[in-house]
Amino acid sequence: MSMFGRRPHVTGVVGDGFVAAEAPALQTSLVAALTLHERAAERPVTVELRVDRGRGTRLVLSARNVVIGFVPPDEVPLLAAQLPSGRALLVVPGVVYHQDGLWRLWVGPEPSSFPAPADDLDTLPVPDPSIAGIPLKILRPKDDDDR
C-alpha cells in the first residue's frame, strides 16, 4: 500500500500520439489547467495526463485535476485495453499547445510540429459565455426591440 493512500501510476503507451477531441468546447478547462505564465507565453506545455473512463465508451483526459479533453473514438481501444484494474491510475504524456487561436491537447510525446486536427474531431457545442455558471445572455438588459 502506498503512503497516505496515494494511488500508483501505470504509464500507458500511445505510439506516435494524437490530438485530443473537444478542444473548442473545453477552452475554459484548458486555460484553467495552465498557469498565468504558461497562458501568456503561448508555448507548448508538457503535462502528465490521467486517463479515466467516461460515459459509455468515452475516455476522459485530465491534467492538474482538470478535465481537458477526450480520447478520439479511433484511439479508445488502444487506451481502454491499458486501463489498470484496482486502484492504479493510467497516465500518459501530453502537451497543451496553442494553434489557430485555440488551446489544444496533444496526447503523447511532443512532436516536431503539431498536425492539424481532423475535421470530425470536435463534436460538442461551444458553451455560451457565463459567470459562475449563469449565461451572460441572461444578464444582459433587453433592448427595446426585445420587449
# chains A, B, ... in the order shown; residues from 1 in each chain; ligands from 1
$ select_by_dssp --residues "chain A" --states "strand (DSSP E)" --output "ChimeraX atom specification"
/A:9-11,18-19,45-53,59-63,66-70,89-99,102-107,130-131,134-135
$ write_last_selection --atoms "C-alpha atoms" --output "PDB file, in the first residue's frame"
ATOM      1  CA  HIS A   9       0.577   5.245 -11.616  1.00  0.00           C
ATOM      2  CA  VAL A  10       0.872   2.984 -14.642  1.00  0.00           C
ATOM      3  CA  THR A  11       2.386   4.653 -17.718  1.00  0.00           C
ATOM      4  CA  PHE A  18      -2.790  12.041 -31.386  1.00  0.00           C
ATOM      5  CA  VAL A  19      -4.822  15.222 -30.957  1.00  0.00           C
ATOM      6  CA  VAL A  45       3.349  22.984 -22.056  1.00  0.00           C
ATOM      7  CA  THR A  46       4.233  19.391 -21.169  1.00  0.00           C
ATOM      8  CA  VAL A  47       1.709  17.768 -18.808  1.00  0.00           C
ATOM      9  CA  GLU A  48       1.050  14.357 -17.337  1.00  0.00           C
ATOM     10  CA  LEU A  49      -2.403  13.190 -18.417  1.00  0.00           C
ATOM     11  CA  ARG A  50      -4.621  10.886 -16.435  1.00  0.00           C
ATOM     12  CA  VAL A  51      -6.897   8.582 -18.459  1.00  0.00           C
ATOM     13  CA  ASP A  52     -10.264   7.652 -16.905  1.00  0.00           C
ATOM     14  CA  ARG A  53     -13.470   6.058 -18.110  1.00  0.00           C
ATOM     15  CA  LEU A  59     -12.231   8.030 -22.168  1.00  0.00           C
ATOM     16  CA  VAL A  60     -11.554  11.296 -20.356  1.00  0.00           C
ATOM     17  CA  LEU A  61      -8.184  13.071 -20.199  1.00  0.00           C
ATOM     18  CA  SER A  62      -7.330  15.253 -17.224  1.00  0.00           C
ATOM     19  CA  ALA A  63      -4.268  17.229 -16.185  1.00  0.00           C
ATOM     20  CA  VAL A  66      -8.951  19.458 -14.586  1.00  0.00           C
ATOM     21  CA  VAL A  67     -10.726  17.576 -17.402  1.00  0.00           C
ATOM     22  CA  ILE A  68      -9.153  18.957 -20.586  1.00  0.00           C
ATOM     23  CA  GLY A  69     -10.046  16.529 -23.358  1.00  0.00           C
ATOM     24  CA  PHE A  70     -11.409  13.242 -24.599  1.00  0.00           C
ATOM     25  CA  LEU A  89      -4.142   5.130 -12.486  1.00  0.00           C
ATOM     26  CA  LEU A  90      -3.255   5.145 -16.183  1.00  0.00           C
ATOM     27  CA  VAL A  91      -1.108   8.150 -17.091  1.00  0.00           C
ATOM     28  CA  VAL A  92       0.288   9.207 -20.464  1.00  0.00           C
ATOM     29  CA  PRO A  93       2.441  12.152 -21.569  1.00  0.00           C
ATOM     30  CA  GLY A  94       0.738  15.148 -23.127  1.00  0.00           C
ATOM     31  CA  VAL A  95       1.314  18.653 -24.437  1.00  0.00           C
ATOM     32  CA  VAL A  96      -1.076  21.601 -24.250  1.00  0.00           C
ATOM     33  CA  TYR A  97      -0.356  23.866 -27.201  1.00  0.00           C
ATOM     34  CA  HIS A  98      -1.811  26.961 -28.868  1.00  0.00           C
ATOM     35  CA  GLN A  99      -2.837  26.693 -32.532  1.00  0.00           C
ATOM     36  CA  LEU A 102      -7.314  27.711 -29.636  1.00  0.00           C
ATOM     37  CA  TRP A 103      -5.569  25.758 -26.932  1.00  0.00           C
ATOM     38  CA  ARG A 104      -5.403  22.082 -27.935  1.00  0.00           C
ATOM     39  CA  LEU A 105      -4.139  18.904 -26.335  1.00  0.00           C
ATOM     40  CA  TRP A 106      -1.639  16.509 -27.877  1.00  0.00           C
ATOM     41  CA  VAL A 107      -1.550  13.052 -26.284  1.00  0.00           C
ATOM     42  CA  SER A 130     -21.076  32.631 -18.396  1.00  0.00           C
ATOM     43  CA  ILE A 131     -20.154  33.992 -14.995  1.00  0.00           C
ATOM     44  CA  ILE A 134     -25.014  31.968 -15.277  1.00  0.00           C
ATOM     45  CA  PRO A 135     -25.116  32.579 -19.053  1.00  0.00           C
TER      46      PRO A 135
END
$ residues_around --residues "Asp128 (chain A)" --least-positions-apart "2" --cutoff "12 Å" --atoms "only C-alpha atoms" --output "mmCIF file with all heavy atoms, in the first residue's frame"
data_model
loop_
_atom_site.group_PDB
_atom_site.id
_atom_site.type_symbol
_atom_site.label_atom_id
_atom_site.label_comp_id
_atom_site.auth_asym_id
_atom_site.auth_seq_id
_atom_site.Cartn_x
_atom_site.Cartn_y
_atom_site.Cartn_z
ATOM 1 N N PRO A 24 -12.519 22.972 -28.651
ATOM 2 C CA PRO A 24 -13.315 24.207 -28.623
ATOM 3 C C PRO A 24 -14.298 24.257 -27.451
ATOM 4 O O PRO A 24 -14.460 25.297 -26.823
ATOM 5 C CB PRO A 24 -14.057 24.186 -29.959
ATOM 6 C CG PRO A 24 -13.193 23.356 -30.854
ATOM 7 C CD PRO A 24 -12.602 22.304 -29.948
ATOM 8 N N ALA A 25 -14.914 23.144 -27.121
ATOM 9 C CA ALA A 25 -15.876 23.113 -26.023
ATOM 10 C C ALA A 25 -15.205 23.172 -24.659
ATOM 11 O O ALA A 25 -15.826 23.573 -23.677
ATOM 12 C CB ALA A 25 -16.739 21.859 -26.118
ATOM 13 N N LEU A 26 -13.940 22.800 -24.581
ATOM 14 C CA LEU A 26 -13.230 22.746 -23.303
ATOM 15 C C LEU A 26 -12.174 23.838 -23.149
ATOM 16 O O LEU A 26 -11.241 23.693 -22.351
ATOM 17 C CB LEU A 26 -12.590 21.364 -23.126
ATOM 18 C CG LEU A 26 -13.577 20.207 -22.993
ATOM 19 C CD1 LEU A 26 -12.855 18.877 -23.001
ATOM 20 C CD2 LEU A 26 -14.409 20.348 -21.731
ATOM 21 N N GLN A 27 -12.297 24.942 -23.874
ATOM 22 C CA GLN A 27 -11.303 26.013 -23.774
ATOM 23 C C GLN A 27 -11.163 26.542 -22.354
ATOM 24 O O GLN A 27 -10.057 26.784 -21.885
ATOM 25 C CB GLN A 27 -11.658 27.172 -24.718
ATOM 26 C CG GLN A 27 -11.291 26.932 -26.153
ATOM 27 C CD GLN A 27 -9.812 26.647 -26.336
ATOM 28 O OE1 GLN A 27 -8.960 27.516 -26.207
ATOM 29 N NE2 GLN A 27 -9.499 25.400 -26.664
ATOM 30 N N THR A 28 -12.262 26.702 -21.648
ATOM 31 C CA THR A 28 -12.199 27.199 -20.274
ATOM 32 C C THR A 28 -11.381 26.257 -19.403
ATOM 33 O O THR A 28 -10.556 26.689 -18.601
ATOM 34 C CB THR A 28 -13.618 27.369 -19.694
ATOM 35 O OG1 THR A 28 -14.346 28.263 -20.545
ATOM 36 C CG2 THR A 28 -13.584 27.928 -18.290
ATOM 37 N N PRO A 125 -20.921 21.177 -28.663
ATOM 38 C CA PRO A 125 -21.102 22.606 -28.933
ATOM 39 C C PRO A 125 -20.270 23.446 -27.967
ATOM 40 O O PRO A 125 -20.033 23.061 -26.822
ATOM 41 C CB PRO A 125 -22.600 22.822 -28.691
ATOM 42 C CG PRO A 125 -22.997 21.725 -27.764
ATOM 43 C CD PRO A 125 -22.108 20.559 -28.081
ATOM 44 N N VAL A 126 -19.842 24.595 -28.451
ATOM 45 C CA VAL A 126 -19.095 25.532 -27.607
ATOM 46 C C VAL A 126 -20.087 26.171 -26.646
ATOM 47 O O VAL A 126 -21.129 26.683 -27.071
ATOM 48 C CB VAL A 126 -18.397 26.605 -28.471
ATOM 49 C CG1 VAL A 126 -17.698 27.623 -27.599
ATOM 50 C CG2 VAL A 126 -17.432 25.945 -29.434
ATOM 51 N N SER A 130 -20.318 32.535 -19.641
ATOM 52 C CA SER A 130 -21.076 32.631 -18.396
ATOM 53 C C SER A 130 -20.183 33.147 -17.277
ATOM 54 O O SER A 130 -18.964 33.125 -17.373
ATOM 55 C CB SER A 130 -21.654 31.267 -18.020
ATOM 56 O OG SER A 130 -20.619 30.350 -17.760
ATOM 57 N N ILE A 131 -20.831 33.594 -16.212
ATOM 58 C CA ILE A 131 -20.154 33.992 -14.995
ATOM 59 C C ILE A 131 -20.762 33.158 -13.878
ATOM 60 O O ILE A 131 -21.974 33.207 -13.649
ATOM 61 C CB ILE A 131 -20.325 35.492 -14.695
ATOM 62 C CG1 ILE A 131 -19.686 36.329 -15.798
ATOM 63 C CG2 ILE A 131 -19.749 35.842 -13.332
ATOM 64 C CD1 ILE A 131 -19.904 37.820 -15.660
ATOM 65 N N GLY A 133 -21.476 30.152 -13.861
ATOM 66 C CA GLY A 133 -22.484 29.249 -14.399
ATOM 67 C C GLY A 133 -23.739 29.925 -14.919
ATOM 68 O O GLY A 133 -24.633 29.273 -15.458
ATOM 69 N N ILE A 134 -23.839 31.230 -14.787
ATOM 70 C CA ILE A 134 -25.014 31.968 -15.277
ATOM 71 C C ILE A 134 -24.669 32.511 -16.656
ATOM 72 O O ILE A 134 -23.740 33.307 -16.797
ATOM 73 C CB ILE A 134 -25.396 33.126 -14.332
ATOM 74 C CG1 ILE A 134 -25.707 32.576 -12.939
ATOM 75 C CG2 ILE A 134 -26.575 33.911 -14.890
ATOM 76 C CD1 ILE A 134 -25.869 33.644 -11.883
ATOM 77 N N PRO A 135 -25.418 32.094 -17.697
ATOM 78 C CA PRO A 135 -25.116 32.579 -19.053
ATOM 79 C C PRO A 135 -25.196 34.102 -19.133
ATOM 80 O O PRO A 135 -26.094 34.716 -18.563
ATOM 81 C CB PRO A 135 -26.201 31.930 -19.920
ATOM 82 C CG PRO A 135 -26.697 30.777 -19.122
ATOM 83 C CD PRO A 135 -26.526 31.156 -17.677
ATOM 84 N N LEU A 136 -24.247 34.705 -19.830
ATOM 85 C CA LEU A 136 -24.210 36.167 -19.949
ATOM 86 C C LEU A 136 -25.437 36.718 -20.657
ATOM 87 O O LEU A 136 -25.850 37.837 -20.391
ATOM 88 C CB LEU A 136 -22.943 36.606 -20.673
ATOM 89 C CG LEU A 136 -21.653 36.439 -19.880
ATOM 90 C CD1 LEU A 136 -20.470 36.889 -20.715
ATOM 91 C CD2 LEU A 136 -21.696 37.203 -18.584
ATOM 92 N N LYS A 137 -26.059 35.941 -21.534
ATOM 93 C CA LYS A 137 -27.230 36.466 -22.243
ATOM 94 C C LYS A 137 -28.387 36.720 -21.283
ATOM 95 O O LYS A 137 -29.212 37.583 -21.525
ATOM 96 C CB LYS A 137 -27.656 35.520 -23.362
ATOM 97 C CG LYS A 137 -28.098 34.151 -22.911
ATOM 98 C CD LYS A 137 -28.412 33.297 -24.110
ATOM 99 C CE LYS A 137 -28.706 31.873 -23.665
ATOM 100 N NZ LYS A 137 -28.871 30.996 -24.780
ATOM 101 N N ILE A 138 -28.448 36.048 -20.145
ATOM 102 C CA ILE A 138 -29.483 36.302 -19.146
ATOM 103 C C ILE A 138 -29.192 37.605 -18.419
ATOM 104 O O ILE A 138 -30.103 38.318 -18.012
ATOM 105 C CB ILE A 138 -29.565 35.133 -18.140
ATOM 106 C CG1 ILE A 138 -30.112 33.896 -18.832
ATOM 107 C CG2 ILE A 138 -30.411 35.491 -16.929
ATOM 108 C CD1 ILE A 138 -30.134 32.660 -17.966
#
$ closest_residue --among "A:Ala32, A:Val13, A:Ala132, A:Ala23" --to "Pro77 (chain A)" --atoms "only C-alpha atoms"
A:Val13
$ closest_residue --among "A:Gly108, A:Pro129, A:Pro44, A:Gly101" --to "Leu79 (chain A)" --atoms "only C-alpha atoms"
A:Gly108
$ closest_residue --among "A:Val71, A:Glu38, A:Ala33, A:Arg64" --to "Asp122 (chain A)" --atoms "only C-alpha atoms"
A:Val71
$ residues_around --residues "Ala116 (chain A)" --least-positions-apart "2" --cutoff "10 Å" --atoms "only C-alpha atoms" --output "ChimeraX atom specification"
/A:19,99-100,113-114,118-119
$ select_by_dssp --residues "region 56-118 of chain A" --states "alpha helix (DSSP H)" --output "VMD selection string"
chain A and resid 76 to 80
$ write_last_selection --atoms "all heavy atoms" --output "PDB file, in the first residue's frame"
ATOM      1  N   VAL A  76      -9.629   4.980 -28.711  1.00  0.00           N
ATOM      2  CA  VAL A  76     -10.163   4.415 -27.472  1.00  0.00           C
ATOM      3  C   VAL A  76      -9.738   2.961 -27.253  1.00  0.00           C
ATOM      4  O   VAL A  76      -9.308   2.614 -26.150  1.00  0.00           O
ATOM      5  CB  VAL A  76     -11.706   4.568 -27.412  1.00  0.00           C
ATOM      6  CG1 VAL A  76     -12.309   3.704 -26.309  1.00  0.00           C
ATOM      7  CG2 VAL A  76     -12.072   6.029 -27.202  1.00  0.00           C
ATOM      8  N   PRO A  77      -9.822   2.069 -28.252  1.00  0.00           N
ATOM      9  CA  PRO A  77      -9.442   0.674 -27.979  1.00  0.00           C
ATOM     10  C   PRO A  77      -8.019   0.518 -27.441  1.00  0.00           C
ATOM     11  O   PRO A  77      -7.790  -0.281 -26.536  1.00  0.00           O
ATOM     12  CB  PRO A  77      -9.599  -0.015 -29.339  1.00  0.00           C
ATOM     13  CG  PRO A  77     -10.579   0.825 -30.084  1.00  0.00           C
ATOM     14  CD  PRO A  77     -10.329   2.230 -29.613  1.00  0.00           C
ATOM     15  N   LEU A  78      -7.073   1.277 -27.976  1.00  0.00           N
ATOM     16  CA  LEU A  78      -5.682   1.192 -27.530  1.00  0.00           C
ATOM     17  C   LEU A  78      -5.555   1.529 -26.050  1.00  0.00           C
ATOM     18  O   LEU A  78      -4.936   0.791 -25.280  1.00  0.00           O
ATOM     19  CB  LEU A  78      -4.802   2.133 -28.364  1.00  0.00           C
ATOM     20  CG  LEU A  78      -3.365   2.310 -27.881  1.00  0.00           C
ATOM     21  CD1 LEU A  78      -2.571   1.032 -28.106  1.00  0.00           C
ATOM     22  CD2 LEU A  78      -2.717   3.485 -28.574  1.00  0.00           C
ATOM     23  N   LEU A  79      -6.144   2.645 -25.621  1.00  0.00           N
ATOM     24  CA  LEU A  79      -6.000   3.072 -24.226  1.00  0.00           C
ATOM     25  C   LEU A  79      -6.932   2.310 -23.289  1.00  0.00           C
ATOM     26  O   LEU A  79      -6.583   2.052 -22.142  1.00  0.00           O
ATOM     27  CB  LEU A  79      -6.215   4.576 -24.105  1.00  0.00           C
ATOM     28  CG  LEU A  79      -5.066   5.418 -24.642  1.00  0.00           C
ATOM     29  CD1 LEU A  79      -5.410   6.896 -24.626  1.00  0.00           C
ATOM     30  CD2 LEU A  79      -3.800   5.169 -23.862  1.00  0.00           C
ATOM     31  N   ALA A  80      -8.119   1.947 -23.745  1.00  0.00           N
ATOM     32  CA  ALA A  80      -9.050   1.206 -22.891  1.00  0.00           C
ATOM     33  C   ALA A  80      -8.454  -0.139 -22.482  1.00  0.00           C
ATOM     34  O   ALA A  80      -8.637  -0.590 -21.348  1.00  0.00           O
ATOM     35  CB  ALA A  80     -10.383   1.012 -23.600  1.00  0.00           C
TER      36      ALA A  80
END
$ atom_distance --atom1 "CA of Arg39 (chain A)" --atom2 "CA of Asn65 (chain A)"
17.2 Å
$ atom_distance --atom1 "CA of Ser85 (chain A)" --atom2 "CA of Glu22 (chain A)"
26.9 Å
